[in-house]
file input35.cif (mmCIF, C-alpha atoms and all ligand atoms)
data_run
#
loop_
_atom_site.label_atom_id
_atom_site.label_comp_id
_atom_site.auth_asym_id
_atom_site.auth_seq_id
_atom_site.Cartn_x
_atom_site.Cartn_y
_atom_site.Cartn_z
CA MET O 259 0.00 0.00 0.00
CA LEU O 260 1.47 3.33 -0.81
CA ARG O 261 1.94 5.82 2.02
CA THR O 262 0.85 9.41 1.76
CA LEU O 263 3.77 11.61 2.52
CA PRO O 264 3.97 15.31 2.06
CA ALA O 265 7.44 16.35 1.04
CA VAL O 266 8.88 19.80 0.62
CA PHE O 267 12.05 20.22 -1.34
CA ASN O 268 13.86 23.53 -1.58
CA ILE O 269 15.11 24.11 -5.07
CA SER O 270 17.12 27.33 -5.65
CA SER O 271 14.92 30.34 -4.92
CA ARG O 272 11.65 28.48 -4.93
CA SER O 273 10.22 25.81 -2.76
CA LEU O 274 8.61 23.03 -4.69
CA LYS O 275 5.95 21.44 -2.55
CA ILE O 276 5.22 17.90 -3.61
CA SER O 277 2.50 16.05 -1.80
CA LEU O 278 2.28 12.40 -2.69
CA CYS O 279 -1.25 11.29 -2.43
CA THR O 280 -2.52 7.85 -3.11
CA LEU O 281 -5.79 6.72 -4.48
CA GLY O 282 -6.00 2.96 -4.17
CA PRO O 283 -3.22 1.57 -6.37
CA PHE O 284 -2.56 4.85 -8.09
CA ARG O 285 0.03 7.15 -6.63
CA LEU O 286 -0.62 10.68 -7.72
CA CYS O 287 1.52 13.68 -7.42
CA SER O 288 0.22 17.14 -7.41
CA ILE O 289 2.78 19.83 -7.45
CA SER O 290 2.25 23.43 -6.85
CA THR O 291 5.21 25.67 -6.66
CA GLN O 292 5.19 28.70 -4.42
CA VAL O 293 7.45 31.48 -5.45
CA HIS O 294 9.03 33.23 -2.46
CA ARG O 295 7.98 36.84 -2.04
CA ASN O 296 11.45 38.10 -2.82
CA SER O 297 11.82 36.41 -6.18
CA ARG O 298 10.74 38.55 -9.05
CA TYR O 299 8.57 36.55 -11.39
CA LYS O 300 7.57 37.98 -14.73
CA MET O 301 6.10 36.25 -17.72
CA ALA O 302 8.75 35.90 -20.43
CA SER O 303 6.42 37.77 -22.73
CA ASP O 304 2.96 39.25 -22.54
CA ALA O 305 1.49 36.30 -24.45
CA PRO O 306 -1.45 34.74 -22.59
CA LEU O 307 -0.44 32.20 -19.94
CA LEU O 308 -2.18 29.36 -21.78
CA ILE O 309 -0.21 30.04 -24.96
CA GLN O 310 3.06 30.18 -23.03
CA LEU O 311 2.24 26.97 -21.17
CA GLU O 312 1.32 25.16 -24.38
CA ALA O 313 4.51 26.46 -26.02
CA ALA O 314 6.59 25.22 -23.09
CA SER O 315 4.75 21.88 -23.17
CA VAL O 316 5.54 21.36 -26.86
CA ALA O 317 9.19 22.22 -26.28
CA VAL O 318 9.61 20.00 -23.23
CA ALA O 319 7.77 17.12 -24.95
CA ASN O 320 10.42 17.18 -27.67
CA LYS O 321 13.11 17.04 -24.98
CA ALA O 322 11.23 14.16 -23.35
CA GLY O 323 11.35 12.26 -26.64
CA GLU O 324 15.16 12.42 -26.55
CA ILE O 325 15.12 10.93 -23.03
CA VAL O 326 12.82 8.09 -24.17
CA ARG O 327 15.12 7.26 -27.11
CA ASP O 328 18.34 7.55 -25.05
CA ILE O 329 17.11 5.15 -22.37
CA MET O 330 16.01 2.63 -25.01
CA LYS O 331 19.39 2.99 -26.76
CA LYS O 332 21.24 2.33 -23.48
CA GLY O 333 19.00 -0.70 -22.98
CA GLU O 334 18.64 -0.27 -19.19
CA LEU O 335 14.88 0.12 -18.94
CA GLY O 336 14.70 -0.32 -15.16
CA ILE O 337 11.29 -2.00 -15.35
CA ILE O 338 9.19 -2.21 -12.17
CA GLN O 339 5.66 -3.54 -11.66
CA LYS O 340 3.12 -1.13 -10.18
CA THR O 341 -0.34 -2.50 -9.44
CA HIS O 342 -0.25 -5.66 -11.56
CA ILE O 343 1.76 -7.46 -14.26
CA LYS O 344 0.21 -5.31 -16.99
CA ASP O 345 0.89 -2.05 -15.16
CA LEU O 346 4.63 -1.55 -15.57
CA GLN O 347 6.92 1.45 -15.28
CA THR O 348 10.37 2.07 -16.77
CA GLU O 349 13.22 4.51 -16.16
CA ALA O 350 11.85 6.46 -19.12
CA ASP O 351 8.44 6.87 -17.41
CA ARG O 352 10.17 8.14 -14.25
CA LYS O 353 12.73 10.40 -15.87
CA VAL O 354 10.36 11.96 -18.40
CA GLN O 355 7.82 12.81 -15.73
CA MET O 356 10.52 14.46 -13.62
CA CYS O 357 11.69 16.41 -16.69
CA ILE O 358 8.23 17.67 -17.66
CA ALA O 359 6.84 18.30 -14.18
CA THR O 360 9.92 20.15 -12.91
CA SER O 361 10.38 22.15 -16.13
CA LEU O 362 6.73 23.32 -16.21
CA GLY O 363 6.44 23.67 -12.43
CA ARG O 364 9.38 26.04 -12.24
CA GLN O 365 8.30 28.16 -15.22
CA PHE O 366 4.65 28.41 -14.17
CA PRO O 367 4.29 28.72 -10.39
CA GLY O 368 0.79 28.25 -9.08
CA ILE O 369 -0.40 25.67 -11.62
CA THR O 370 -1.28 22.17 -10.42
CA ILE O 371 0.54 19.28 -12.05
CA ILE O 372 -0.70 15.70 -11.83
CA GLY O 373 1.35 12.89 -13.32
CA GLU O 374 0.95 9.16 -13.71
CA GLU O 375 4.16 8.33 -11.92
CA GLU O 376 5.56 9.11 -8.45
CA MET O 377 7.69 12.25 -8.28
CA GLU O 378 11.25 12.00 -6.97
CA LYS O 379 13.38 15.02 -6.13
CA CYS O 380 14.88 16.51 -9.28
CA ASN O 381 18.43 15.17 -9.08
CA ASP O 382 19.65 16.26 -12.49
CA GLU O 383 19.44 19.88 -13.64
CA ASN O 384 19.93 18.64 -17.20
CA LEU O 385 16.36 17.41 -16.99
CA VAL O 386 15.08 20.94 -16.46
CA TYR O 387 14.17 22.65 -19.71
CA ASN O 388 12.60 26.06 -20.22
CA GLY O 389 12.36 26.43 -23.95
CA LYS O 390 9.14 27.46 -25.72
CA SER O 391 7.93 26.43 -29.18
CA ASP O 392 8.10 29.37 -31.60
CA GLU O 393 5.26 27.80 -33.59
CA VAL O 394 2.93 28.01 -30.62
CA MET O 395 4.13 31.45 -29.44
CA ALA O 396 3.43 32.78 -32.95
CA CYS O 397 -0.25 32.01 -32.28
CA ALA O 398 -0.43 34.32 -29.24
CA SER O 399 -2.53 36.90 -31.07
CA LYS O 400 -5.04 34.18 -32.02
CA CYS O 401 -5.55 32.95 -28.46
CA PRO O 402 -9.25 32.13 -28.09
CA ASP O 403 -11.09 34.73 -25.95
CA GLN O 404 -12.06 32.19 -23.30
CA TYR O 405 -8.37 31.50 -22.60
CA LYS O 406 -6.90 35.03 -22.88
CA ASN O 407 -6.90 35.73 -19.15
CA VAL O 408 -6.54 32.30 -17.63
CA LYS O 409 -4.76 32.36 -14.25
CA PRO O 410 -2.37 29.67 -12.90
CA GLU O 411 -4.86 28.57 -10.25
CA GLN O 412 -7.39 27.68 -12.98
CA ILE O 413 -4.96 25.24 -14.59
CA VAL O 414 -4.26 21.55 -14.03
CA VAL O 415 -1.56 19.96 -16.20
CA TRP O 416 -1.96 16.20 -16.73
CA ILE O 417 1.24 14.32 -17.61
CA ASP O 418 1.51 10.84 -19.02
CA PRO O 419 5.28 10.72 -19.42
CA LEU O 420 5.21 7.57 -21.46
CA ASP O 421 1.95 6.23 -22.83
CA GLY O 422 2.23 2.70 -24.19
CA THR O 423 4.78 1.48 -21.64
CA GLN O 424 3.91 -2.14 -22.38
CA GLU O 425 4.65 -1.61 -26.07
CA TYR O 426 7.84 0.36 -25.27
CA ILE O 427 9.07 -2.66 -23.33
CA GLU O 428 8.06 -5.03 -26.13
CA GLY O 429 9.79 -2.87 -28.77
CA LEU O 430 6.65 -1.66 -30.58
CA LEU O 431 8.18 1.80 -30.47
CA ASP O 432 5.82 3.64 -32.80
CA HIS O 433 3.00 2.98 -30.31
CA VAL O 434 4.73 5.15 -27.70
CA THR O 435 3.71 8.74 -27.02
CA VAL O 436 4.43 11.44 -24.44
CA LEU O 437 1.18 13.13 -23.40
CA ILE O 438 0.62 16.54 -21.82
CA GLY O 439 -2.90 17.84 -21.21
CA ILE O 440 -3.82 21.33 -20.01
CA ALA O 441 -7.18 21.65 -18.27
CA VAL O 442 -8.77 25.03 -17.52
CA ASP O 443 -11.50 25.09 -14.84
CA GLY O 444 -11.72 21.30 -15.06
CA GLN O 445 -12.20 21.14 -18.85
CA SER O 446 -9.65 19.88 -21.37
CA ALA O 447 -8.34 23.00 -23.18
CA ALA O 448 -4.98 22.22 -24.80
CA GLY O 449 -2.78 19.24 -25.41
CA VAL O 450 0.43 17.78 -26.77
CA ILE O 451 1.02 14.31 -28.23
CA HIS O 452 4.72 13.67 -28.89
CA GLN O 453 5.72 10.54 -30.82
CA PRO O 454 9.42 9.88 -30.10
CA TYR O 455 9.61 7.15 -32.72
CA PHE O 456 7.58 8.67 -35.53
CA ASN O 457 9.34 7.63 -38.79
CA TYR O 458 11.70 5.33 -36.88
CA ASN O 459 11.48 2.62 -39.49
CA VAL O 460 11.60 4.98 -42.49
CA LYS O 461 14.95 4.88 -44.32
CA GLY O 462 16.61 8.03 -45.69
CA ASP O 463 19.14 10.65 -44.58
CA ASP O 464 16.75 13.56 -44.23
CA VAL O 465 14.02 11.60 -42.41
CA LYS O 466 13.11 13.44 -39.19
CA LEU O 467 12.74 11.11 -36.22
CA GLY O 468 9.92 12.00 -33.88
CA ARG O 469 6.87 14.25 -34.22
CA THR O 470 4.92 16.57 -31.97
CA CYS O 471 1.22 17.30 -32.50
CA TRP O 472 -0.47 19.98 -30.48
CA GLY O 473 -3.80 21.74 -30.26
CA ILE O 474 -5.79 24.37 -28.39
CA LYS O 475 -9.59 24.29 -28.40
CA GLY O 476 -10.96 27.26 -30.31
CA LEU O 477 -7.65 27.73 -32.13
CA GLY O 478 -6.92 24.44 -33.96
CA SER O 479 -4.56 21.45 -34.02
CA TYR O 480 -1.22 21.11 -35.76
CA GLY O 481 1.45 18.58 -36.70
CA PHE O 482 -0.57 15.97 -38.60
CA THR O 483 -2.86 15.67 -41.60
CA HIS O 484 -6.34 14.14 -41.60
CA LYS O 485 -7.42 12.06 -44.58
CA PRO O 486 -11.11 11.38 -45.24
CA LEU O 487 -12.42 8.19 -43.65
CA PRO O 488 -13.52 5.35 -45.97
CA LYS O 489 -17.32 5.40 -46.32
CA ASP O 490 -17.76 1.73 -47.24
CA LYS O 491 -16.38 0.16 -44.09
CA THR O 492 -15.92 0.58 -40.33
CA ILE O 493 -12.47 0.54 -38.77
CA ILE O 494 -12.17 0.49 -34.98
CA THR O 495 -8.98 0.97 -32.99
CA THR O 496 -8.65 -0.40 -29.48
CA THR O 497 -6.28 -1.70 -26.85
CA ARG O 498 -3.62 -4.25 -27.67
CA SER O 499 -2.41 -5.10 -24.18
CA HIS O 500 -5.47 -4.64 -21.93
CA PRO O 501 -8.32 -6.55 -23.61
CA THR O 502 -11.35 -7.70 -21.59
CA PRO O 503 -14.53 -9.57 -22.64
CA THR O 504 -16.49 -6.29 -22.32
CA VAL O 505 -14.00 -4.46 -24.55
CA GLN O 506 -14.43 -7.20 -27.16
CA GLU O 507 -18.22 -7.32 -26.84
CA ALA O 508 -18.45 -3.57 -27.44
CA ILE O 509 -16.31 -3.86 -30.57
CA ASP O 510 -18.26 -6.87 -31.88
CA SER O 511 -21.51 -4.90 -31.54
CA PHE O 512 -20.34 -2.68 -34.44
CA LYS O 513 -19.41 -5.62 -36.70
CA PRO O 514 -16.25 -3.77 -37.82
CA ASP O 515 -14.47 -4.56 -41.10
CA GLU O 516 -11.13 -3.98 -39.38
CA VAL O 517 -9.87 -3.74 -35.78
CA LEU O 518 -6.52 -2.00 -35.18
CA ARG O 519 -5.20 -3.34 -31.88
CA VAL O 520 -2.39 -1.01 -30.85
CA GLY O 521 -0.83 0.32 -27.65
CA GLY O 522 -1.32 3.69 -26.06
CA CYS O 523 -4.25 6.03 -25.74
CA GLY O 524 -2.32 8.86 -27.44
CA HIS O 525 -1.38 6.58 -30.33
CA LYS O 526 -5.00 5.51 -30.89
CA VAL O 527 -6.22 9.11 -30.84
CA MET O 528 -3.54 9.89 -33.44
CA ILE O 529 -4.96 7.05 -35.58
CA VAL O 530 -8.42 8.64 -35.35
CA LEU O 531 -7.01 12.14 -36.01
CA GLU O 532 -5.24 10.97 -39.17
CA GLY O 533 -8.33 9.19 -40.49
CA ASP O 534 -7.03 5.62 -40.18
CA ALA O 535 -9.92 4.53 -37.93
CA HIS O 536 -13.51 5.71 -37.53
CA VAL O 537 -13.51 5.25 -33.76
CA TYR O 538 -11.30 4.50 -30.75
CA LEU O 539 -13.47 2.37 -28.49
CA PHE O 540 -12.25 1.19 -25.09
CA ALA O 541 -15.09 -0.17 -22.96
CA SER O 542 -12.91 -0.54 -19.86
CA PRO O 543 -12.12 1.56 -16.75
CA GLY O 544 -8.40 1.03 -17.37
CA CYS O 545 -7.16 4.31 -18.74
CA LYS O 546 -6.87 7.51 -16.72
CA LYS O 547 -7.29 11.27 -16.99
CA TRP O 548 -3.60 11.73 -17.92
CA ASP O 549 -4.20 9.44 -20.93
CA THR O 550 -7.10 11.45 -22.31
CA CYS O 551 -6.82 15.14 -21.33
CA GLY O 552 -4.24 16.15 -23.95
CA PRO O 553 -5.46 13.96 -26.84
CA GLN O 554 -9.05 15.10 -26.18
CA ALA O 555 -8.13 18.78 -26.61
CA ILE O 556 -6.29 18.11 -29.89
CA LEU O 557 -9.20 16.05 -31.23
CA GLU O 558 -11.88 18.54 -30.15
CA ALA O 559 -9.88 21.47 -31.60
CA VAL O 560 -10.56 19.96 -35.06
CA GLY O 561 -14.19 19.07 -34.44
CA GLY O 562 -13.74 15.56 -33.08
CA ARG O 563 -15.02 14.28 -29.73
CA LEU O 564 -13.75 12.18 -26.83
CA THR O 565 -16.25 11.14 -24.16
CA ASP O 566 -16.98 8.16 -21.97
CA ILE O 567 -19.21 5.45 -23.48
CA HIS O 568 -22.31 7.22 -22.13
CA GLY O 569 -21.37 10.42 -23.94
CA ASN O 570 -20.38 12.28 -20.77
CA ILE O 571 -17.73 15.00 -21.00
CA LEU O 572 -14.68 13.99 -18.96
CA GLU O 573 -13.77 16.25 -16.02
CA TYR O 574 -10.12 17.21 -15.35
CA HIS O 575 -10.13 19.26 -12.09
CA LYS O 576 -7.47 18.37 -9.53
CA ASP O 577 -9.74 16.27 -7.29
CA VAL O 578 -11.42 14.24 -10.02
CA GLN O 579 -11.49 10.43 -9.97
CA LYS O 580 -8.33 9.54 -11.99
CA PRO O 581 -9.50 6.35 -13.77
CA ASN O 582 -11.90 6.90 -16.68
CA THR O 583 -14.33 4.47 -15.07
CA ALA O 584 -16.86 4.61 -17.93
CA GLY O 585 -14.36 3.94 -20.72
CA VAL O 586 -13.37 6.01 -23.75
CA LEU O 587 -15.03 6.72 -27.09
CA ALA O 588 -13.15 8.98 -29.51
CA THR O 589 -14.18 9.95 -33.05
CA PHE O 590 -13.29 12.50 -35.70
CA GLU O 591 -16.95 12.60 -36.84
CA ASN O 592 -20.35 10.92 -36.28
CA HIS O 593 -19.77 10.53 -32.53
CA ASP O 594 -23.50 10.25 -31.78
CA TYR O 595 -23.87 7.33 -34.21
CA TYR O 596 -21.35 5.28 -32.22
CA LEU O 597 -22.73 6.41 -28.85
CA LYS O 598 -26.28 5.38 -29.82
CA ASN O 599 -25.13 1.93 -30.95
CA ILE O 600 -23.28 0.88 -27.80
CA PRO O 601 -25.46 -1.91 -26.32
CA GLN O 602 -27.20 -1.09 -23.01
CA GLY O 603 -25.62 -4.21 -21.48
CA ILE O 604 -22.18 -2.69 -22.03
CA ARG O 605 -23.23 0.67 -20.62
CA ASP O 606 -24.59 -1.05 -17.53
CA GLN O 607 -21.19 -2.59 -16.88
CA LEU O 608 -19.30 0.71 -16.96
CA LYS O 609 -20.57 3.19 -14.42
CA VAL O 610 -19.41 6.78 -14.10
CA LYS O 611 -17.64 7.49 -10.80
CA LEU O 612 -16.84 11.20 -10.52
N1 LIG V 1 -6.43 -2.54 -17.09
C1 LIG V 1 -5.47 -1.62 -17.07
N2 LIG V 1 -4.60 -1.55 -16.04
C2 LIG V 1 -3.64 -0.60 -16.02
N3 LIG V 1 -3.44 0.31 -16.99
C3 LIG V 1 -4.29 0.27 -18.03
C4 LIG V 1 -5.34 -0.68 -18.13
N4 LIG V 1 -6.01 -0.46 -19.28
C5 LIG V 1 -5.41 0.58 -19.88
N5 LIG V 1 -4.38 1.01 -19.12
C6 LIG V 1 -3.46 2.13 -19.43
O1 LIG V 1 -4.12 3.02 -20.33
C7 LIG V 1 -3.24 3.37 -21.40
C8 LIG V 1 -3.81 2.85 -22.69
O2 LIG V 1 -3.90 1.45 -22.59
P1 LIG V 1 -3.79 0.56 -23.96
O3 LIG V 1 -2.42 0.75 -24.49
O4 LIG V 1 -4.07 -0.82 -23.48
O5 LIG V 1 -4.83 1.10 -24.88
C9 LIG V 1 -1.87 2.77 -21.07
O6 LIG V 1 -1.18 3.79 -20.35
P2 LIG V 1 0.37 3.72 -19.93
O7 LIG V 1 1.10 2.94 -20.96
O8 LIG V 1 0.73 5.18 -19.84
O9 LIG V 1 0.40 3.07 -18.58
C10 LIG V 1 -2.25 1.59 -20.16
O10 LIG V 1 -1.25 1.22 -19.29
MG MG V 2 1.35 3.28 -16.98
MG MG V 3 -1.02 6.09 -20.47
MG MG V 4 2.14 6.19 -18.86
#

call {"tool": "encode", "arguments": {"input": "input35.cif", "output": "structure tokens", "more": "lines below"}}
Ligand SMILES: Nc1ncnc2c1ncn2[C@@H]1O[C@H](COP(=O)(O)O)[C@@H](OP(=O)(O)O)[C@H]1O
Ligand SMILES: [Mg+2]
Ligand SMILES: [Mg+2]
Ligand SMILES: [Mg+2]
result
Amino acid sequence: MLRTLPAVFNISSRSLKISLCTLGPFRLCSISTQVHRNSRYKMASDAPLLIQLEAASVAVANKAGEIVRDIMKKGELGIIQKTHIKDLQTEADRKVQMCIATSLGRQFPGITIIGEEEMEKCNDENLVYNGKSDEVMACASKCPDQYKNVKPEQIVVWIDPLDGTQEYIEGLLDHVTVLIGIAVDGQSAAGVIHQPYFNYNVKGDDVKLGRTCWGIKGLGSYGFTHKPLPKDKTIITTTRSHPTPTVQEAIDSFKPDEVLRVGGCGHKVMIVLEGDAHVYLFASPGCKKWDTCGPQAILEAVGGRLTDIHGNILEYHKDVQKPNTAGVLATFENHDYYLKNIPQGIRDQLKVKL
């Protein structure tokens, strides 16, 4: 059983208060940094906070991708089992979370950061990164009105440092993503999906390894192209490593022509975003808010939807129930068609627990 232990670490001129809280098998970290009175803190520019935070998230996600690749290259994955044999964690999960949480926590005092993994004291300043994506900063003037004056205390950042850990361990590297979600007043607002191994099996000197997609609701999503979905068939994407009879029953109810069984929530949302599947259907309570917050914002910024299997909007405030107990349904279009056709028997098995 995990213990709850508040821990305060002093880092340079700021104190980073990390309170480890546990919720059943999940250990959650929420970090809020308090800047001492005497430290002058000024936004690097007068761009809205949300734009700056998204720009920093894109930049640090790229850095995180380097960490993921370096650890795989070294071959010392440091695998440990969390709650069960299919809930593993590697050195990449741990190190990437430390990199992202510390980098964003220091730049943006007052925001709340919740990550999948436990937070250890930042023991390597090389992990701290404070760059910002020029591409995102260039959008400052187009910041949607509802986000122009967002304050740090309205924000919760959800970090899945490595989504698709099972597939990372098994070497299915293009299933792996780094996910950052930004929630404003409990609603998914912006997100980043970084694919450290995008193009990894494409030959050629000028092939760029890795890709970062990002999006802000009301502004748009960038970094990928969507192709029209085939009209004459139904393609569903779903879990590869966490199947259950209910997951299968839900899929069977649509009589799909094809089922893409791949790892990672972020990876499956990318498949929907690019038009390679009509729907991501996961009728299981297995994935969590850090899996869905970022991908949901990117999908919704281009008119798609991500809800639970009852059609409820997922909440992302700091005290929300972390597991998505009523599953995940994500589409680029025709969401209501899929919602309506989920059998009542499946719905009855997956209750919402807020
Ligand atoms: N039954 C379960 N137990 C633990 N984690 C689960 C799970 N079902 C799904 N997940 C997590 O949800 C994410 C998507 O799952 P899948 O790849 O099966 O679609 C993965 O995140 P992580 O790899 O970040 O842990 C996976 O571990
Ligand atoms: Mg995990
Ligand atoms: Mg995950
Ligand atoms: Mg993870």

call {"tool": "residues_near_ligand", "arguments": {"input": "input35.cif", "ligand": "ligand MG 3 (chain V)", "cutoff": "8 Å", "atoms": "all atoms listed in the file", "output": "ChimeraX atom specification"}}
result
/O:374,418-423,437,522-524,545-546,548-549

call {"tool": "closest_residue", "arguments": {"input": "input35.cif", "among": "O:Gly439, O:Lys547, O:Arg469, O:His536", "to": "ligand MG 2 (chain V)", "atoms": "all atoms listed in the file"}}
result
O:Lys547

call {"tool": "closest_residue", "arguments": {"input": "input35.cif", "among": "O:Ser511, O:Thr341, O:Asn407, O:Gln347", "to": "ligand MG 4 (chain V)", "atoms": "all atoms listed in the file"}}
result
O:Gln347

call {"tool": "closest_residue", "arguments": {"input": "input35.cif", "among": "O:Leu539, O:Leu335, O:Val394, O:Leu346", "to": "ligand MG 4 (chain V)", "atoms": "only C-alpha atoms and all ligand atoms"}}
result
O:Leu346

call {"tool": "closest_residue", "arguments": {"input": "input35.cif", "among": "O:Gly389, O:Gly544, O:Gly473, O:Gly368", "to": "ligand MG 2 (chain V)", "atoms": "all atoms listed in the file"}}
result
O:Gly544

call {"tool": "closest_residue", "arguments": {"input": "input35.cif", "among": "O:Gln339, O:Gln554, O:Ser399, O:Asn592", "to": "ligand MG 2 (chain V)", "atoms": "only C-alpha atoms and all ligand atoms"}}
result
O:Gln339

call {"tool": "residues_around", "arguments": {"input": "input35.cif", "residues": "range 593-605 of chain O", "least_positions_apart": "2", "cutoff": "7 Å", "atoms": "all atoms listed in the file", "output": "ChimeraX atom specification"}}
result
/O:504,508,563,567-569,589,591,607-608

call {"tool": "atom_distance", "arguments": {"input": "input35.cif", "atom1": "CA of Phe540 in chain O", "atom2": "CA of Lys340 in chain O"}}
result
21.5 Å

call {"tool": "closest_residue", "arguments": {"input": "input35.cif", "among": "O:Gln579, O:Ala555, O:Phe590, O:Gly585", "to": "Lys611 in chain O", "atoms": "only C-alpha atoms"}}
result
O:Gln579

call {"tool": "atom_distance", "arguments": {"input": "input35.cif", "atom1": "CA of Ser391 in chain O", "atom2": "CA of Val415 in chain O"}}
result
17.3 Å

call {"tool": "atom_distance", "arguments": {"input": "input35.cif", "atom1": "CA of Gly333 in chain O", "atom2": "CA of Val386 in chain O"}}
result
22.9 Å

call {"tool": "residues_around", "arguments": {"input": "input35.cif", "residues": "Leu311 in chain O", "least_positions_apart": "6", "cutoff": "9 Å", "atoms": "all atoms listed in the file", "output": "ChimeraX atom specification"}}
result
/O:362,365-366,390,440
